[in-house]
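Enquirer: This is the structure I want to talk about, given as structure tokens.
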Protein chains: 4
Amino acid sequence: MPEEVSEQSGAQGTASEQPAGQEFYAQLAKLSAEARWTVEPGPWSPKPASVPMHWKYTELRPFALESASFVKSDDAALRVVSLINPGHPERGAAVGHLYTGLQMLNGGEAMTAHRHAASAMRFVIEGDGAWTTIAGDRLEVGARDLVVTPSRLWHEHGSGAEADADPVIWQDATNDPLVDTLGANFFELLPERRQTSRPVTNSTLYEHGYGMLKPDGRRASRYSPLLMFPWEKTYEALHALARVSDGSPFDGIFMEYVNPSTGGPVLPTMSAHMQLLRPGEATLAHRHTGSVVYQVAKGRGHSVVAGRRFDWQQNDIFCVPSWAWHEHANDDGSDDACLFSFDDFPTLNSLGLYVEEPLEENGGHQ
Amino acid sequence: MPEEVSEQSGAQGTASEQPAGQEFYAQLAKLSAEARWTVEPGPWSPKPASVPMHWKYTELRPFALESASFVKSDDAALRVVSLINPGHPERGAAVGHLYTGLQMLNGGEAMTAHRHAASAMRFVIEGDGAWTTIAGDRLEVGARDLVVTPSRLWHEHGSGAEADADPVIWQDATNDPLVDTLGANFFELLPERRQTSRPVTNSTLYEHGYGMLKPDGRRASRYSPLLMFPWEKTYEALHALARVSDGSPFDGIFMEYVNPSTGGPVLPTMSAHMQLLRPGEATLAHRHTGSVVYQVAKGRGHSVVAGRRFDWQQNDIFCVPSWAWHEHANDDGSDDACLFSFDDFPTLNSLGLYVEEPLEENGGHQ
Amino acid sequence: MPEEVSEQSGAQGTASEQPAGQEFYAQLAKLSAEARWTVEPGPWSPKPASVPMHWKYTELRPFALESASFVKSDDAALRVVSLINPGHPERGAAVGHLYTGLQMLNGGEAMTAHRHAASAMRFVIEGDGAWTTIAGDRLEVGARDLVVTPSRLWHEHGSGAEADADPVIWQDATNDPLVDTLGANFFELLPERRQTSRPVTNSTLYEHGYGMLKPDGRRASRYSPLLMFPWEKTYEALHALARVSDGSPFDGIFMEYVNPSTGGPVLPTMSAHMQLLRPGEATLAHRHTGSVVYQVAKGRGHSVVAGRRFDWQQNDIFCVPSWAWHEHANDDGSDDACLFSFDDFPTLNSLGLYVEEPLEENGGHQ
Amino acid sequence: MPEEVSEQSGAQGTASEQPAGQEFYAQLAKLSAEARWTVEPGPWSPKPASVPMHWKYTELRPFALESASFVKSDDAALRVVSLINPGHPERGAAVGHLYTGLQMLNGGEAMTAHRHAASAMRFVIEGDGAWTTIAGDRLEVGARDLVVTPSRLWHEHGSGAEADADPVIWQDATNDPLVDTLGANFFELLPERRQTSRPVTNSTLYEHGYGMLKPDGRRASRYSPLLMFPWEKTYEALHALARVSDGSPFDGIFMEYVNPSTGGPVLPTMSAHMQLLRPGEATLAHRHTGSVVYQVAKGRGHSVVAGRRFDWQQNDIFCVPSWAWHEHANDDGSDDACLFSFDDFPTLNSLGLYVEEPLEENGGHQ
């Protein structure tokens with residue numbers, strides 16, 4: 001029961017005034033037990049340990065580039081500059097239980113294939129020639145393309161560019177912190193080190209990329225059988241929707257990447273969105289349970305998160321903790337701003353814990 | 001219990017030998033009852049009343065064109081040449097409980113808006129300028145485009161072409177015979193006769209046509225919120241799949257039109273497919289419960305249905321009754337053949353009654 | 001389009017006035033086609049062919065008893081007095097696409113094991129010693145017990161009573177007419193003629209009969225893994241609910257037999273209900289799509305179905321066609337009346353076709 | 001990537017050997033970022049922070065009884081002796097993210113009504129007269145009865161016994177630690193302090209306690225509409241199952257309390273089980289993801305958890321962390337042992353993270 005209760009009741013006060021209690025509490029502790037009335041009670045509303053953060057790409061990029069000098073190609077899965085929320089550094093998360101970091105690959109590099117129970121996504125920031133092979137499907141990706149790496153599928157990454165080409169930098173996005181704390185993570189390296197790929201690159205797009213039709217007989221899968229979402233189609237879809245919709249007052253033209261076999265989120269634990277803020281558009285504030293990591297895919301603007309203003313530009317990363325008020329604005333009056341984001345909404349929804357409210361109806365969360 | 005049982009047991013024989021039985025049966029009949037052992041028992045395997053049929057477009061087209069002289073524009077919902085399976089003419093169905101017919105519209109015509117509990121689809125055969133307005137979304141469609149009209153949504157059709165333009169002919173596809181026999185059909189005319197349309201034509205395509213993303217927050221709907229499937233994208237999807245798949249031995253490159261909000265069939269009672277038979281391709285025979293109406297969208301070839309050979313060309317219609325063996329062939333060695341089809345597989349699946357088997361494993365249906 | 005349309009438009013009139021039309025229609029018929037505007041159009045609301053019926057047990061019982069003289073024990077699956085709705089005698093259904101009949105077994109008789117794609121239920125009317133073996137589980141049943149026989153499970157019936165004991169009569173309930181007309185019925189006899197039973201009789205009750213708990217790890221099944229519902233528990237449940245609920249204004253204390261693995265209907269195509277009309281209780285009228293067969297499990301009273309009054313007593317059977325208004329009354333002021341019923345509501349719900357309305361809100365069905 | 005990778009690759013070594021790295025890492029830290037290759041990587045298999053624990057009731061009971069002297073009746077929601085896993089004391093959890101504690105009520109006491117987003121269960125250990133009112137349904141419970149308190153339903157507890165009666169002690173079970181760490185917990189006090197109850201006590205049992213039937217028209221609910229599970233029926237169900245099943249090699253006769261509206265777990269985030277170990281029965285070892293808290297409902301025996309042996313007797317509490325090997329034995333050769341348990345399996349299943357394996361097949365978790 002939260003703090004206000006104890007203030008009303010004086011329960012804590014009563015306890016601390018009794019010298020007799022000291023011995024009681026000490027003996028309890030020896031039994032690996034404690035008196036609930038002495039512990040700060042749970043909150044009236046969510047009080048996550050995470051704080052709002054803004055990471056500027058111009059500051060992070062040099063470190064990402066330099067990381068190759070510390071970790072060799074085979075281990076490039078570790079060659080990541082992780083973004084760490086100072087509210088809970090021990091968790092290794094950018095916000096809530098979401099991990100994110102910048103991963104860098106030089107031309108010609110390739111890492112050992114592996115798999116894990118945690119789910120992952122990758123959003124390409126810069127560089128040509130990057131590829132990911134997932135369950136035998138080799139995907140070639142460029143800037144602003146999204147790659148989905150479902151739980152337990154073998155995968156490996158690399159760059160097919162020339163050795164002296166500009167490096168690839170992408171944003172790694174996983175829910176390792178959640179799966180770790182639930183005691184449910186597994187990690188394996190592929191003994192053969194490299195998967196054998198299907199003959200046609202980007203097969204996933206040919207099978208599942210047309211949206212209106214599916215290969216007959218395909219069953220619903222909890223993760224998206226479409227493993228790659230090209231930027232070109234994403235941006236086209238945003239503008240198509242903008243022709244016929246005013247969008248959300250809180251998020252502008254807001255679209256969710258979908259698992260075509262279910263119409264639901266691309267992963268059972270995380271979803272990904274892309275939103276278009278039209279030139280000069282500013283949204284209203286709202287809040288919801290669930291954590292979000294944003295990546296500025298295009299443009300410049302600002303967001304206000306729990307009272308902190310973040311002036312962002314392309315490739316910057318910022319986060320919104322659970323239940324924090326937030327609003328966004330495109331500060332360019334003549335060009336689009338696009339925000340890519342990933343979140344744990346599907347986790348919250350699965351557990352019946354997702355709630356949201358607009359700033360206007362501040363009275364209640366139900 | 002089927003015929004073989006009665007032959008083994010002589011139950012019918014026993015009954016008919018007993019003169020005393022005659023009075024028994026006569027009295028039973030007066031009570032609206034009958035002796036089950038005197039009735040031909042149910043079949044060992046499906047014996048639908050439908051027979052395989054082939055309707056040639058060249059024969060039907062003149063009647064479709066002439067139909068305008070019988071029915072005026074407002075009533076064009078009735079201006080249809082219905083295809084009637086001679087196995088059960090009283091049912092008004094082309095095969096099983098599926099209705100189909102050819103509907104014709106002259107330039108500038110428009111019919112009264114209506115709605116019904118039965119579900120419908122329309123596949124355009126020829127002519128420019130056709131439009132359908134469904135739940136306020138005006139759709140403009142051309143040859144080989146598919147329009148889905150879900151149960152209970154208001155809809156109306158017309159042609160926006162000049163009055164002297166070539167008429168539009170499309171194929172109407174509904175499950176009226178099923179909904180009628182279940183005693184569950186409702187029909188209403190819109191009092192205002194015409195719906196008000198949303199300002200942008202083909203809004204459904206802008207909202208739901210990109211497949212990889214959806215407008216955020218859209219819930220799963222049992223019918224497809226995407227109401228129109230353009231031929232160009234359909235044909236492109238077939239060829240994309242053909243790059244990475246050998247296809248089905250029974251159906252070639254076989255794709256299902258999907259409800260993007262669920263990944264399932266476009267309607268809860270009927271699904272639609274398009275299949276590509278590559279130049280010279282001939283498929284193996286199989287059979288399944290559920291009825292299918294085919295429309296030759298492109299090319300020429302033949303199908304063998306329950307031992308009857310149908311040599312078809314573009315725009316022909318043929319049907320496969322439930323549990324009938326069937327196989328298809330593209331008889332053109334240098335061009336594609338494409339078969340559009342609609343069926344009641346979702347109905348059978350919902351009721352747990354769908355089974356299929358290849359010709360090779362003729363022994364059993366489970 | 002229904003009759004009122006054609007009256008408004010004169011479409012039929014126009015057609016019939018044109019002598020030229022005669023040749024048109026004749027030629028169309030040769031192509032297995034017809035002009036839709038010449039056919040009586042579909043109804044504005046459901047107009048099923050079924051008529052309300054009431055079968056009195058005192059009239060049917062002598063025929064059920066005599067049936068043993070026509071059909072020997074092995075073929076007792078055929079030894080049924082079928083109730084035939086005179087609205088569509090060719091369908092072999094009591095109402096809609098539901099089959100029902102009275103089946104009789106003498107002591108010591110047993111029939112050959114079989115299975116079919118249609119689903120079935122049995123409700124015992126009189127006699128001791130009846131047993132049914134379903135998928136190896138031998139069930140021993142008495143009056144008013146319900147047995148569920150899911151699609152495709154092997155089953156056989158018999159009586160374990162002494163040869164000179166009073167015979168068993170139960171009511172057979174299946175959806176054979178639906179599965180037949182969909183072209184999806186299969187029928188097989190077990191080559192070994194008899195199943196081997198599990199050692200403990202009524203195992204299904206021990207595993208699944210306690211409702212509050214389930215054997216761990218059991219998955220949801222579309223049909224009820226609980227295969228038998230004893231009357232004693234059913235009647236107890238009705239009275240328990242009556243302690244805390246006023247019940248339905250249309251049906252009194254109305255409970256559905258449930259599939260404990262899903263909380264849904266006992267079969268994917270049919271559901272079963274038991275309702276308690278308290279002494280003197282009379283319900284309000286309502287109507288719905290879907291057909292219902294009632295069996296008077298206890299008491300006496302009357303129902304009004306589409307304007308026809310049926311005065312029923314114990315063991316009588318009556319039916320309500322789709323969309324027919326109906327209301328019930330317990331005419332005994334001092335004792336309960338209980339109506340068992342089975343219906344095709346799950347079929348209608350699966351297809352999105354179930355609608356209902358109270359008499360008061362007669363204006364619309366949606 | 002786990003430790004073995006870094007050992008193979010020397011990534012960490014490489015980093016630490018480079019003096020230049022020190023400055024790199026220091027600067028990164030200023031940006032709220034860190035080098036992933038310097039952090040101990042995620043585990044090859046789950047390594048939860050929780051340790052196996054055994055709390056003896058004889059040791060805890062005196063503290064529970066004394067707790068009334070610290071906290072007054074209104075605040076009795078805080079009058080709990082919490083069991084704290086020493087592996088992560090800051091989490092306030094008994095194991096994983098599951099909270100449990102002993103709550104005590106004297107006769108005549110009642111606490112303020114409240115609700116929260118976390119889910120809860122209560123299992124009564126001793127004392128008569130306890131009641132819980134949930135969403136207006138007053139439940140009266142005795143020893144070994146289970147009460148389910150779904151997320152967001154108003155509830156309050158009390159004891160209806162005389163003031164000088166023996167106190168009630170029950171075990172509180174919640175997932176507060178999970179909902180807190182997800183930033184999704186809400187807590188409210190009912191302004192009126194007490195709910196108005198429905199006239200009949202234990203209404204939930206009358207409506208939903210019969211298992212075989214449900215009040216017609218009730219929809220599936222993610223939490224159990226049956227809010228109370230009496231011990232008498234639970235124990236009867238265990239013995240019924242034991243008549244027809246050998247049970248699980250790992251858990252004996254193992255049953256799950258079910259949500260009768262879905263056949264699934266009683267809560268979307270937690271499930272509850274009761275298992276019967278027959279006289280002298282000893283189970284095989286297995287492990288699974290997900291955490292479990294056990295309460296010895298009856299009997300005496302021992303369990304081995306991750307190599308630690310716990311000799312338990314009635315009312316003791318012990319826990320099994322995720323992925324820990326465990327096995328159980330009833331050490332009494334002539335009487336039953338029964339273990340009640342609650343767990344987070346539904347959470348793991350919702351997120352696709354539940355896996356299990358027997359000791360024999362130690363090779364892999366998939």
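Chains: A, B, ... in order of the structure tokens. Residues: from 1 per chain. Ligands: from 1, in order shown.
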Over all Cα atoms in order, fit chain B to chain A and jot down the RMSD to one decimal place.
Expert: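 Computed on C-alpha atoms only, the RMSD stands at 0.1 Å.
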Enquirer: What's the 6 Å shell around C:Ile169, counting only C-alpha atoms, without same-chain residues fewer than 2 positions away, as a PyMOL selection string?
Expert: chain C and resi 103-104+125-126
Enquirer: Quick one: residues within 6 Å of D:Ser151, only C-alpha atoms counted, chain neighbours fewer than 3 positions away excluded, as a PDB file with C-alpha atoms, in the first residue's frame?
Expert:
ATOM      1  CA  ALA D 117      -2.996  -3.388 -11.327  1.00  0.00           C
ATOM      2  CA  ALA D 118      -1.037  -6.292  -9.867  1.00  0.00           C
ATOM      3  CA  SER D 119      -2.897  -9.587  -9.546  1.00  0.00           C
TER       4      SER D 119
END
Enquirer: Show me, as a PDB file with N, CA, C and O atoms, in the first residue's frame, every residue of chain D with an atom at most 7 Å from chain C, counting only C-alpha atoms.
Expert:
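Result written to result_5.pdb:
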ATOM      1  N   VAL D 200     -26.310 -12.559  -1.491  1.00  0.00           N
ATOM      2  CA  VAL D 200     -25.958 -13.949  -1.183  1.00  0.00           C
ATOM      3  C   VAL D 200     -24.438 -14.101  -1.113  1.00  0.00           C
ATOM      4  O   VAL D 200     -23.734 -13.747  -2.056  1.00  0.00           O
ATOM      5  N   SER D 203     -21.617 -15.903  -4.007  1.00  0.00           N
ATOM      6  CA  SER D 203     -22.366 -15.943  -5.265  1.00  0.00           C
ATOM      7  C   SER D 203     -21.540 -16.547  -6.389  1.00  0.00           C
ATOM      8  O   SER D 203     -22.055 -17.254  -7.255  1.00  0.00           O
ATOM      9  N   TYR D 206     -22.069 -20.135  -6.784  1.00  0.00           N
ATOM     10  CA  TYR D 206     -23.368 -20.542  -7.321  1.00  0.00           C
ATOM     11  C   TYR D 206     -23.442 -20.307  -8.820  1.00  0.00           C
ATOM     12  O   TYR D 206     -24.102 -21.026  -9.546  1.00  0.00           O
ATOM     13  N   GLU D 207     -22.754 -19.277  -9.274  1.00  0.00           N
ATOM     14  CA  GLU D 207     -22.807 -18.969 -10.707  1.00  0.00           C
ATOM     15  C   GLU D 207     -21.831 -19.810 -11.521  1.00  0.00           C
ATOM     16  O   GLU D 207     -22.117 -20.207 -12.642  1.00  0.00           O
ATOM     17  N   GLY D 209     -19.489 -22.352 -10.100  1.00  0.00           N
ATOM     18  CA  GLY D 209     -18.784 -23.405  -9.392  1.00  0.00           C
ATOM     19  C   GLY D 209     -19.120 -24.810  -9.843  1.00  0.00           C
ATOM     20  O   GLY D 209     -18.595 -25.762  -9.284  1.00  0.00           O
ATOM     21  N   TYR D 210     -19.956 -24.950 -10.843  1.00  0.00           N
ATOM     22  CA  TYR D 210     -20.385 -26.302 -11.188  1.00  0.00           C
ATOM     23  C   TYR D 210     -19.649 -26.882 -12.381  1.00  0.00           C
ATOM     24  O   TYR D 210     -19.812 -28.032 -12.727  1.00  0.00           O
ATOM     25  N   GLY D 211     -18.880 -26.042 -13.032  1.00  0.00           N
ATOM     26  CA  GLY D 211     -17.944 -26.567 -14.000  1.00  0.00           C
ATOM     27  C   GLY D 211     -18.580 -27.064 -15.280  1.00  0.00           C
ATOM     28  O   GLY D 211     -18.145 -26.729 -16.370  1.00  0.00           O
ATOM     29  N   MET D 212     -19.613 -27.862 -15.179  1.00  0.00           N
ATOM     30  CA  MET D 212     -20.170 -28.468 -16.374  1.00  0.00           C
ATOM     31  C   MET D 212     -21.089 -27.532 -17.151  1.00  0.00           C
ATOM     32  O   MET D 212     -21.379 -27.776 -18.311  1.00  0.00           O
ATOM     33  N   LEU D 213     -21.583 -26.518 -16.472  1.00  0.00           N
ATOM     34  CA  LEU D 213     -22.505 -25.596 -17.124  1.00  0.00           C
ATOM     35  C   LEU D 213     -22.120 -24.167 -16.759  1.00  0.00           C
ATOM     36  O   LEU D 213     -21.492 -23.931 -15.735  1.00  0.00           O
ATOM     37  N   LYS D 214     -22.500 -23.237 -17.595  1.00  0.00           N
ATOM     38  CA  LYS D 214     -22.246 -21.834 -17.269  1.00  0.00           C
ATOM     39  C   LYS D 214     -23.514 -21.036 -17.494  1.00  0.00           C
ATOM     40  O   LYS D 214     -24.377 -21.426 -18.290  1.00  0.00           O
ATOM     41  N   PRO D 215     -23.623 -19.916 -16.786  1.00  0.00           N
ATOM     42  CA  PRO D 215     -24.754 -19.031 -17.063  1.00  0.00           C
ATOM     43  C   PRO D 215     -24.692 -18.636 -18.527  1.00  0.00           C
ATOM     44  O   PRO D 215     -23.634 -18.232 -19.020  1.00  0.00           O
ATOM     45  N   ASP D 216     -25.763 -18.781 -19.228  1.00  0.00           N
ATOM     46  CA  ASP D 216     -25.738 -18.574 -20.667  1.00  0.00           C
ATOM     47  C   ASP D 216     -25.322 -17.157 -21.014  1.00  0.00           C
ATOM     48  O   ASP D 216     -25.723 -16.196 -20.382  1.00  0.00           O
ATOM     49  N   PHE D 229     -12.039 -21.181  -4.729  1.00  0.00           N
ATOM     50  CA  PHE D 229     -11.911 -22.607  -5.010  1.00  0.00           C
ATOM     51  C   PHE D 229     -11.819 -23.342  -3.681  1.00  0.00           C
ATOM     52  O   PHE D 229     -10.756 -23.364  -3.059  1.00  0.00           O
ATOM     53  N   ALA D 237     -11.276 -33.587  -6.433  1.00  0.00           N
ATOM     54  CA  ALA D 237     -10.846 -33.644  -7.830  1.00  0.00           C
ATOM     55  C   ALA D 237      -9.502 -34.355  -7.967  1.00  0.00           C
ATOM     56  O   ALA D 237      -9.282 -35.117  -8.917  1.00  0.00           O
ATOM     57  N   ALA D 240     -10.192 -38.012  -7.688  1.00  0.00           N
ATOM     58  CA  ALA D 240     -10.897 -38.510  -8.875  1.00  0.00           C
ATOM     59  C   ALA D 240      -9.898 -38.733 -10.011  1.00  0.00           C
ATOM     60  O   ALA D 240      -9.894 -39.774 -10.674  1.00  0.00           O
ATOM     61  N   LEU D 241      -9.022 -37.750 -10.232  1.00  0.00           N
ATOM     62  CA  LEU D 241      -8.034 -37.901 -11.301  1.00  0.00           C
ATOM     63  C   LEU D 241      -7.118 -39.099 -11.016  1.00  0.00           C
ATOM     64  O   LEU D 241      -6.749 -39.842 -11.935  1.00  0.00           O
ATOM     65  N   VAL D 244      -7.972 -42.492 -12.465  1.00  0.00           N
ATOM     66  CA  VAL D 244      -7.867 -42.805 -13.900  1.00  0.00           C
ATOM     67  C   VAL D 244      -6.549 -42.358 -14.521  1.00  0.00           C
ATOM     68  O   VAL D 244      -6.361 -42.487 -15.730  1.00  0.00           O
ATOM     69  N   PHE D 254      -1.281 -33.793 -10.668  1.00  0.00           N
ATOM     70  CA  PHE D 254      -0.988 -32.360 -10.735  1.00  0.00           C
ATOM     71  C   PHE D 254      -2.127 -31.674 -11.470  1.00  0.00           C
ATOM     72  O   PHE D 254      -2.377 -31.949 -12.644  1.00  0.00           O
ATOM     73  N   MET D 255      -2.855 -30.810 -10.798  1.00  0.00           N
ATOM     74  CA  MET D 255      -3.996 -30.156 -11.432  1.00  0.00           C
ATOM     75  C   MET D 255      -3.849 -28.642 -11.341  1.00  0.00           C
ATOM     76  O   MET D 255      -3.296 -28.110 -10.381  1.00  0.00           O
ATOM     77  N   GLU D 256      -4.391 -28.001 -12.362  1.00  0.00           N
ATOM     78  CA  GLU D 256      -4.351 -26.541 -12.402  1.00  0.00           C
ATOM     79  C   GLU D 256      -5.733 -25.993 -12.077  1.00  0.00           C
ATOM     80  O   GLU D 256      -6.742 -26.464 -12.626  1.00  0.00           O
ATOM     81  N   TYR D 257      -5.785 -25.030 -11.198  1.00  0.00           N
ATOM     82  CA  TYR D 257      -7.035 -24.295 -10.998  1.00  0.00           C
ATOM     83  C   TYR D 257      -7.352 -23.561 -12.303  1.00  0.00           C
ATOM     84  O   TYR D 257      -6.453 -22.977 -12.908  1.00  0.00           O
ATOM     85  N   VAL D 258      -8.618 -23.600 -12.738  1.00  0.00           N
ATOM     86  CA  VAL D 258      -8.917 -23.022 -14.057  1.00  0.00           C
ATOM     87  C   VAL D 258      -9.927 -21.883 -13.990  1.00  0.00           C
ATOM     88  O   VAL D 258     -10.816 -21.849 -13.139  1.00  0.00           O
ATOM     89  N   PRO D 260     -13.012 -20.849 -15.540  1.00  0.00           N
ATOM     90  CA  PRO D 260     -14.001 -21.634 -16.293  1.00  0.00           C
ATOM     91  C   PRO D 260     -14.477 -20.946 -17.568  1.00  0.00           C
ATOM     92  O   PRO D 260     -15.056 -21.601 -18.428  1.00  0.00           O
ATOM     93  N   SER D 261     -14.219 -19.670 -17.714  1.00  0.00           N
ATOM     94  CA  SER D 261     -14.675 -18.998 -18.931  1.00  0.00           C
ATOM     95  C   SER D 261     -13.723 -19.204 -20.092  1.00  0.00           C
ATOM     96  O   SER D 261     -14.054 -18.890 -21.238  1.00  0.00           O
ATOM     97  N   THR D 262     -12.539 -19.739 -19.840  1.00  0.00           N
ATOM     98  CA  THR D 262     -11.574 -19.979 -20.922  1.00  0.00           C
ATOM     99  C   THR D 262     -10.921 -21.350 -20.857  1.00  0.00           C
ATOM    100  O   THR D 262     -10.300 -21.776 -21.831  1.00  0.00           O
ATOM    101  N   GLY D 263     -11.012 -22.021 -19.717  1.00  0.00           N
ATOM    102  CA  GLY D 263     -10.264 -23.257 -19.562  1.00  0.00           C
ATOM    103  C   GLY D 263      -8.782 -23.016 -19.308  1.00  0.00           C
ATOM    104  O   GLY D 263      -8.006 -23.959 -19.226  1.00  0.00           O
TER     105      GLY D 263
END
